[in-house]
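Data block below; observations after.
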Amino acid sequence: MNETNPLRQRKPLSGGGQRRKGRQKSEECEKTGESSLKWILVAVLAGGLWVILILPSPIEPEAFELPPPPKFEDELKPNERLHEATRMMENKIRGPESIAIRNGKLYTGTADGKVVSIDLETNTMKTVARLGNAPCGLPDDEPTCGRPLGLRFDKDGTLVIVDAYLGLFRINVDTGAFKCLLSSSQAIKGEKPKLLNDVDIADDGKIYFTDSSSKWNRKDNRLLIMDAPTDARVMVFDPKTGETEVIIDHLMFANGIQLSENNDYLLVVELTKCRILKYHLRGLQARQLEVFADNLPGVPDNIRRRPNGHYWVSMATIRRQEKFSFIDFTAPRPWFKKILMKIFDQETLVKISPKYGLIIELNKNGQIVKSFHDPSGNIVPSISQAEEHNGVLYLGSYYLPYISKLVLTESELPYVENQT
């Protein structure tokens with residue numbers, strides 16, 4: 001009995017040791033597994049970073065600087081004036097970027113390649129013309145379907161329009177018949193236009209228009225902003241001779257365009273630089289270029305003249321002192337933009353842009369004298385053009401499914417005697 005007692009005592013001791021060893025081995029395995037997982041994660045991250053670094057970037061930007069964004073004070077003090085805007089044709093139209101009004105009808109181009117008219121009395125819409133060919137509706141369809149952008153009426157009542165992809169056109173709005181004045185397939189001074197954007201017509205019939213890039217087309221416009229090439233141009237087409245002349249080049253994303261009241265100068269929106277340029281057409285300063293309005297409170301789109309000679313300028317998105325501004329942050333950091341565009345698509349840039357509706361009024365000296373805001377971005381999140389007609393502002397957008405309408409108060413009407 002005494003000989004067997006030690007054996008009975010040793011069995012549990014022996015079993016406990018084995019369990020301890022088992023636990024130790026298990027803990028060691030867990031530690032080894034955790035360590036392996038960490039190394040795997042490090043390897044994956046390092047591999048991902050390496051892939052990002054070696055992948056080609058779709059853009060090759062150069063560094064440039066913007067002035068510090070302006071404060072929203074005085075004439076830029078935030079208000080909620082745009083909250084009073086109502087919507088027209090909601091979910092019946094998409095991307096009504098530019099607007100022209102004649103004989104009680106509003107005309108605009110849409111994202112699916114159509115030029116449409118809207119009767120302002122009956123609020124009914126009809127298709128006037130389609131400049132391209134089906135299929136239409138998707139970004140990849142745009143090069144053949146077309147994307148009508150800037151449009152104006154000439155003195156004879158003919159609608160003159162630039163299509164981002166197809167060229168410069170004239171449209172008879174009564175019959176829908178149209179004629180191509182200048183095809184985008186035609187090289188102008190050695191470069192084919194890839195993003196025709198806005199247009200204006202002088203009293204002598206000459207047609208001024210912008211080509212935002214000879215590198216990027218409209219569906220890649222966010223890449224154009226990020227790449228910031230100096231390949232934008234302003235041109236003039238003479239219908240009498242059929243000749244086209246480049247009058248300004250080496251711009252960054254030339255966008256909206258507007259002749260002065262007397263046609264003595266031309267205003268050009270330089271979107272990427274957040275400013276407006278003034279090109280003299282007559283007088284001692286003819287053919288000279290200067291800055292008309294610098295350091296704007298947003299990324300400007302179109303510009304249109306008021307009846308008193310002032311100008312409405314629409315902002316696609318804002319830039320504001322003491323608030324993060326994406327375009328200001330990335331401008332001097334081309335390396336960051338290159339990496340960013342390797343990882344994210346263009347739509348991501350739209351999602352991170354602040355939704356804030358803003359239009360400003362500039363006087364003849366380029367000073368801000370009025371601003372209308374939607375700080376929430378719920379009613380009017382972005383504006384491509386403000387068109388004034390009979391005391392009403394009609395607001396376009398390059399992507400929204402409606403046109404906004406804002407009735408001006410008596411104090412906001414453009415009395416000529418109050419010009420400054």
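Numbering starts fresh at 1 for the residues of each chain in the structure tokens, the chains themselves are lettered A, B, ... in the order given, and ligands are numbered from 1 as they appear.
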
Which parts of region 106-282 of chain A does DSSP call alpha helix (DSSP H) when run on the backbone here, written out as a PyMOL selection string?
chain A and resi 142-145+221-227

Selection file, N, CA, C and O atoms, as a PDB file, in the first residue's frame:
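Output file result.pdb follows:
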ATOM      1  N   GLU A 142     -21.170  60.564 -73.342  1.00  0.00           N
ATOM      2  CA  GLU A 142     -21.070  61.988 -73.645  1.00  0.00           C
ATOM      3  C   GLU A 142     -20.300  62.318 -74.934  1.00  0.00           C
ATOM      4  O   GLU A 142     -20.727  63.186 -75.694  1.00  0.00           O
ATOM      5  N   PRO A 143     -19.167  61.662 -75.207  1.00  0.00           N
ATOM      6  CA  PRO A 143     -18.401  62.060 -76.398  1.00  0.00           C
ATOM      7  C   PRO A 143     -19.182  61.974 -77.711  1.00  0.00           C
ATOM      8  O   PRO A 143     -18.912  62.750 -78.636  1.00  0.00           O
ATOM      9  N   THR A 144     -20.123  61.056 -77.812  1.00  0.00           N
ATOM     10  CA  THR A 144     -20.912  60.940 -79.042  1.00  0.00           C
ATOM     11  C   THR A 144     -22.312  61.531 -78.889  1.00  0.00           C
ATOM     12  O   THR A 144     -22.879  62.064 -79.842  1.00  0.00           O
ATOM     13  N   CYS A 145     -22.864  61.451 -77.688  1.00  0.00           N
ATOM     14  CA  CYS A 145     -24.191  62.025 -77.432  1.00  0.00           C
ATOM     15  C   CYS A 145     -24.114  63.540 -77.372  1.00  0.00           C
ATOM     16  O   CYS A 145     -25.014  64.249 -77.816  1.00  0.00           O
ATOM     17  N   ASN A 221     -13.720  66.261 -65.693  1.00  0.00           N
ATOM     18  CA  ASN A 221     -13.457  67.637 -65.267  1.00  0.00           C
ATOM     19  C   ASN A 221     -12.830  67.721 -63.883  1.00  0.00           C
ATOM     20  O   ASN A 221     -12.099  68.664 -63.583  1.00  0.00           O
ATOM     21  N   ARG A 222     -13.074  66.726 -63.002  1.00  0.00           N
ATOM     22  CA  ARG A 222     -12.414  66.761 -61.683  1.00  0.00           C
ATOM     23  C   ARG A 222     -10.927  66.466 -61.819  1.00  0.00           C
ATOM     24  O   ARG A 222     -10.100  67.029 -61.109  1.00  0.00           O
ATOM     25  N   LEU A 223     -10.596  65.585 -62.760  1.00  0.00           N
ATOM     26  CA  LEU A 223      -9.180  65.338 -63.039  1.00  0.00           C
ATOM     27  C   LEU A 223      -8.528  66.596 -63.601  1.00  0.00           C
ATOM     28  O   LEU A 223      -7.363  66.895 -63.307  1.00  0.00           O
ATOM     29  N   LEU A 224      -9.284  67.342 -64.384  1.00  0.00           N
ATOM     30  CA  LEU A 224      -8.779  68.600 -64.922  1.00  0.00           C
ATOM     31  C   LEU A 224      -8.466  69.582 -63.788  1.00  0.00           C
ATOM     32  O   LEU A 224      -7.419  70.246 -63.789  1.00  0.00           O
ATOM     33  N   ILE A 225      -9.346  69.660 -62.805  1.00  0.00           N
ATOM     34  CA  ILE A 225      -9.115  70.556 -61.668  1.00  0.00           C
ATOM     35  C   ILE A 225      -7.880  70.109 -60.882  1.00  0.00           C
ATOM     36  O   ILE A 225      -7.046  70.926 -60.491  1.00  0.00           O
ATOM     37  N   MET A 226      -7.751  68.804 -60.670  1.00  0.00           N
ATOM     38  CA  MET A 226      -6.619  68.288 -59.900  1.00  0.00           C
ATOM     39  C   MET A 226      -5.308  68.411 -60.686  1.00  0.00           C
ATOM     40  O   MET A 226      -4.259  68.702 -60.115  1.00  0.00           O
ATOM     41  N   ASP A 227      -5.355  68.176 -61.970  1.00  0.00           N
ATOM     42  CA  ASP A 227      -4.151  68.236 -62.807  1.00  0.00           C
ATOM     43  C   ASP A 227      -3.684  69.680 -62.995  1.00  0.00           C
ATOM     44  O   ASP A 227      -2.485  69.960 -63.057  1.00  0.00           O
TER      45      ASP A 227
END

Which residues come within 8 Å of Ser260 (chain A), counting only C-alpha atoms, excluding same-chain residues fewer than 4 positions away, as a ChimeraX atom specification?
/A:264-267,305,309

Output file for the selection above: N, CA and C atoms, as a PDB file, in the first residue's frame:
ATOM      1  N   ASP A 264     -16.404  96.578 -74.671  1.00  0.00           N
ATOM      2  CA  ASP A 264     -15.024  97.064 -74.703  1.00  0.00           C
ATOM      3  C   ASP A 264     -14.060  96.143 -73.966  1.00  0.00           C
ATOM      4  N   TYR A 265     -14.589  95.223 -73.188  1.00  0.00           N
ATOM      5  CA  TYR A 265     -13.725  94.223 -72.558  1.00  0.00           C
ATOM      6  C   TYR A 265     -14.493  92.921 -72.369  1.00  0.00           C
ATOM      7  N   LEU A 266     -13.746  91.889 -72.090  1.00  0.00           N
ATOM      8  CA  LEU A 266     -14.276  90.537 -71.923  1.00  0.00           C
ATOM      9  C   LEU A 266     -13.834  90.002 -70.571  1.00  0.00           C
ATOM     10  N   LEU A 267     -14.762  89.454 -69.801  1.00  0.00           N
ATOM     11  CA  LEU A 267     -14.433  88.842 -68.514  1.00  0.00           C
ATOM     12  C   LEU A 267     -14.393  87.327 -68.676  1.00  0.00           C
ATOM     13  N   ARG A 305     -24.091  89.094 -66.870  1.00  0.00           N
ATOM     14  CA  ARG A 305     -24.252  90.523 -66.603  1.00  0.00           C
ATOM     15  C   ARG A 305     -25.671  90.847 -66.160  1.00  0.00           C
ATOM     16  N   GLY A 309     -25.294  96.522 -65.368  1.00  0.00           N
ATOM     17  CA  GLY A 309     -23.884  96.421 -65.713  1.00  0.00           C
ATOM     18  C   GLY A 309     -23.035  95.702 -64.693  1.00  0.00           C
TER      19      GLY A 309
END

Might you pull out every residue within 12 Å of Asn217 (chain A), with only C-alpha atoms counted and same-chain residues fewer than 6 positions away left off, and present them as a list of chain:residue names?
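Final neighbour list, sorted by chain and number: A:Pro139, A:Asp140, A:Glu142, A:Pro143, A:Gly146, A:Arg147, A:Asp163, A:Ala164, A:Tyr165, A:Leu166, A:Ser184, A:Lys192, A:Pro193, A:Lys194, A:Leu195, A:Leu196, A:Asn197, A:Asp211, A:Leu223, A:Leu224, A:Ile225, A:Ala232, A:Phe253.
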
Filtering to N, CA and C atoms, could you give me those residues as a PDB file, in the first residue's frame?
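Ended up saving to out_17.pdb:
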ATOM      1  N   PRO A 139     -22.029  59.011 -68.393  1.00  0.00           N
ATOM      2  CA  PRO A 139     -20.814  59.774 -68.699  1.00  0.00           C
ATOM      3  C   PRO A 139     -20.053  59.248 -69.915  1.00  0.00           C
ATOM      4  N   ASP A 140     -20.005  57.934 -70.054  1.00  0.00           N
ATOM      5  CA  ASP A 140     -19.277  57.362 -71.186  1.00  0.00           C
ATOM      6  C   ASP A 140     -19.967  57.601 -72.526  1.00  0.00           C
ATOM      7  N   GLU A 142     -21.170  60.564 -73.342  1.00  0.00           N
ATOM      8  CA  GLU A 142     -21.070  61.988 -73.645  1.00  0.00           C
ATOM      9  C   GLU A 142     -20.300  62.318 -74.934  1.00  0.00           C
ATOM     10  N   PRO A 143     -19.167  61.662 -75.207  1.00  0.00           N
ATOM     11  CA  PRO A 143     -18.401  62.060 -76.398  1.00  0.00           C
ATOM     12  C   PRO A 143     -19.182  61.974 -77.711  1.00  0.00           C
ATOM     13  N   GLY A 146     -22.994  64.039 -76.798  1.00  0.00           N
ATOM     14  CA  GLY A 146     -22.832  65.475 -76.624  1.00  0.00           C
ATOM     15  C   GLY A 146     -23.263  65.919 -75.232  1.00  0.00           C
ATOM     16  N   ARG A 147     -22.763  67.084 -74.835  1.00  0.00           N
ATOM     17  CA  ARG A 147     -23.155  67.703 -73.560  1.00  0.00           C
ATOM     18  C   ARG A 147     -23.237  69.210 -73.777  1.00  0.00           C
ATOM     19  N   ASP A 163     -21.256  72.891 -77.363  1.00  0.00           N
ATOM     20  CA  ASP A 163     -21.335  71.546 -76.807  1.00  0.00           C
ATOM     21  C   ASP A 163     -19.925  71.146 -76.401  1.00  0.00           C
ATOM     22  N   ALA A 164     -19.784  70.646 -75.182  1.00  0.00           N
ATOM     23  CA  ALA A 164     -18.457  70.342 -74.637  1.00  0.00           C
ATOM     24  C   ALA A 164     -17.634  69.469 -75.561  1.00  0.00           C
ATOM     25  N   TYR A 165     -18.281  68.563 -76.292  1.00  0.00           N
ATOM     26  CA  TYR A 165     -17.581  67.580 -77.122  1.00  0.00           C
ATOM     27  C   TYR A 165     -17.689  67.854 -78.624  1.00  0.00           C
ATOM     28  N   LEU A 166     -18.799  68.432 -79.039  1.00  0.00           N
ATOM     29  CA  LEU A 166     -19.120  68.444 -80.462  1.00  0.00           C
ATOM     30  C   LEU A 166     -18.752  69.729 -81.180  1.00  0.00           C
ATOM     31  N   SER A 184     -15.453  70.407 -83.020  1.00  0.00           N
ATOM     32  CA  SER A 184     -14.349  70.152 -82.091  1.00  0.00           C
ATOM     33  C   SER A 184     -13.286  69.252 -82.692  1.00  0.00           C
ATOM     34  N   LYS A 192      -6.790  70.533 -80.741  1.00  0.00           N
ATOM     35  CA  LYS A 192      -8.230  70.333 -80.818  1.00  0.00           C
ATOM     36  C   LYS A 192      -8.860  70.648 -79.460  1.00  0.00           C
ATOM     37  N   PRO A 193      -9.941  71.406 -79.438  1.00  0.00           N
ATOM     38  CA  PRO A 193     -10.615  71.673 -78.160  1.00  0.00           C
ATOM     39  C   PRO A 193     -11.257  70.401 -77.621  1.00  0.00           C
ATOM     40  N   LYS A 194     -11.117  70.176 -76.312  1.00  0.00           N
ATOM     41  CA  LYS A 194     -11.702  68.972 -75.707  1.00  0.00           C
ATOM     42  C   LYS A 194     -12.802  69.289 -74.704  1.00  0.00           C
ATOM     43  N   LEU A 195     -12.915  70.573 -74.323  1.00  0.00           N
ATOM     44  CA  LEU A 195     -13.960  70.929 -73.355  1.00  0.00           C
ATOM     45  C   LEU A 195     -14.435  72.358 -73.619  1.00  0.00           C
ATOM     46  N   LEU A 196     -15.225  72.510 -74.667  1.00  0.00           N
ATOM     47  CA  LEU A 196     -15.847  73.807 -74.918  1.00  0.00           C
ATOM     48  C   LEU A 196     -16.850  74.083 -73.806  1.00  0.00           C
ATOM     49  N   ASN A 197     -16.836  75.311 -73.281  1.00  0.00           N
ATOM     50  CA  ASN A 197     -17.552  75.505 -72.018  1.00  0.00           C
ATOM     51  C   ASN A 197     -18.595  76.617 -72.030  1.00  0.00           C
ATOM     52  N   ASP A 211     -12.431  77.290 -74.214  1.00  0.00           N
ATOM     53  CA  ASP A 211     -12.060  75.873 -74.284  1.00  0.00           C
ATOM     54  C   ASP A 211     -11.297  75.587 -72.993  1.00  0.00           C
ATOM     55  N   LEU A 223     -10.596  65.585 -62.760  1.00  0.00           N
ATOM     56  CA  LEU A 223      -9.180  65.338 -63.039  1.00  0.00           C
ATOM     57  C   LEU A 223      -8.528  66.596 -63.601  1.00  0.00           C
ATOM     58  N   LEU A 224      -9.284  67.342 -64.384  1.00  0.00           N
ATOM     59  CA  LEU A 224      -8.779  68.600 -64.922  1.00  0.00           C
ATOM     60  C   LEU A 224      -8.466  69.582 -63.788  1.00  0.00           C
ATOM     61  N   ILE A 225      -9.346  69.660 -62.805  1.00  0.00           N
ATOM     62  CA  ILE A 225      -9.115  70.556 -61.668  1.00  0.00           C
ATOM     63  C   ILE A 225      -7.880  70.109 -60.882  1.00  0.00           C
ATOM     64  N   ALA A 232      -5.894  75.950 -71.084  1.00  0.00           N
ATOM     65  CA  ALA A 232      -7.197  76.518 -71.434  1.00  0.00           C
ATOM     66  C   ALA A 232      -7.018  77.753 -72.310  1.00  0.00           C
ATOM     67  N   PHE A 253      -8.171  76.170 -66.612  1.00  0.00           N
ATOM     68  CA  PHE A 253      -9.609  75.895 -66.628  1.00  0.00           C
ATOM     69  C   PHE A 253     -10.418  77.178 -66.862  1.00  0.00           C
TER      70      PHE A 253
END

Would you please give, as a tab-separated table (two decimals) with C-alpha atoms, in the first residue's frame, all residues of region 328-393 of chain A that DSSP assigns to strand (DSSP E) based on the backbone?
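Wrote part-v3.tsv, looks like this:
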chain	number	residue	atom	x	y	z
A	357	GLY	CA	-24.88	77.48	-52.19
A	358	LEU	CA	-23.34	80.86	-53.02
A	359	ILE	CA	-23.70	83.53	-55.68
A	360	ILE	CA	-22.03	86.93	-55.55
A	361	GLU	CA	-22.65	90.22	-57.31
A	362	LEU	CA	-19.61	92.12	-58.56
A	368	ILE	CA	-18.28	92.18	-54.16
A	369	VAL	CA	-21.40	94.22	-53.39
A	370	LYS	CA	-23.90	91.46	-52.58
A	371	SER	CA	-24.03	87.74	-51.83
A	372	PHE	CA	-26.80	85.16	-51.48
A	373	HIS	CA	-26.10	82.04	-49.40
A	374	ASP	CA	-27.44	78.61	-48.55
A	385	GLN	CA	-25.12	79.99	-63.41
A	386	ALA	CA	-27.42	82.74	-62.18
A	387	GLU	CA	-29.61	84.16	-64.96
A	388	GLU	CA	-31.67	87.26	-64.12
A	389	HIS	CA	-34.95	87.88	-65.90
A	392	VAL	CA	-36.24	86.60	-60.91
A	393	LEU	CA	-32.95	84.70	-60.63

Of the listed residues A:Cys274, A:Ile343, A:Ile101, A:Ile379, that which approaches Thr317 (chain A) most closely, counting only C-alpha atoms
A:Cys274

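Taking CA of Glu290 (chain A) as the reference point, CA of Val313 (chain A) is found at 17.9 Å.
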
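Across the model, the gap from CA of Ile207 (chain A) to CA of Leu168 (chain A) is 9.4 Å.
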
Counting only C-alpha atoms, which residues in region 258-310 of chain A sit no more than 12 Å from region 149-153 of chain A? For each one, give the nearest pair of atoms and the distance in Å, sorted by chain then residue number, as JSON lines.
{"residue": "A:Gln258", "atom": "CA", "partner": "A:Arg152", "partner_atom": "CA", "distance": 10.7}
{"residue": "A:Leu259", "atom": "CA", "partner": "A:Arg152", "partner_atom": "CA", "distance": 11.9}
{"residue": "A:Asp301", "atom": "CA", "partner": "A:Gly150", "partner_atom": "CA", "distance": 10.9}
{"residue": "A:Asn302", "atom": "CA", "partner": "A:Gly150", "partner_atom": "CA", "distance": 8.6}
{"residue": "A:Ile303", "atom": "CA", "partner": "A:Gly150", "partner_atom": "CA", "distance": 10.6}
{"residue": "A:Arg304", "atom": "CA", "partner": "A:Arg152", "partner_atom": "CA", "distance": 10.7}

Selection from above, C-alpha atoms, as a PDB file, in the first residue's frame, can you write it?
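Written file, result_27.pdb:
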ATOM      1  CA  GLN A 258     -19.042  87.613 -70.348  1.00  0.00           C
ATOM      2  CA  LEU A 259     -18.745  90.720 -72.519  1.00  0.00           C
ATOM      3  CA  ASP A 301     -18.365  78.712 -62.687  1.00  0.00           C
ATOM      4  CA  ASN A 302     -20.368  80.989 -64.998  1.00  0.00           C
ATOM      5  CA  ILE A 303     -20.658  84.770 -65.018  1.00  0.00           C
ATOM      6  CA  ARG A 304     -23.613  86.785 -66.324  1.00  0.00           C
TER       7      ARG A 304
END

CA of Met341 (chain A) to CA of Glu60 (chain A), straight-line distance in Å
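CA of Met341 (chain A) lies 10.4 Å from CA of Glu60 (chain A).
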
Fewer than 3 positions away in the same chain doesn't count, so skip those; otherwise give me all residues within 12 Å of Asp249 (chain A), counting only C-alpha atoms, as a PyMOL selection string.
chain A and resi 188-189+191+210-214+229-235+245-246+252-254+268+270+279+289

Between A:Thr272, A:Thr244, A:Ser382, A:Asn255, which residue has the minimum interatomic distance to Val350 (chain A), considering only C-alpha atoms?
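When distances to Val350 (chain A) are compared using only C-alpha atoms, the smallest one comes from A:Ser382.
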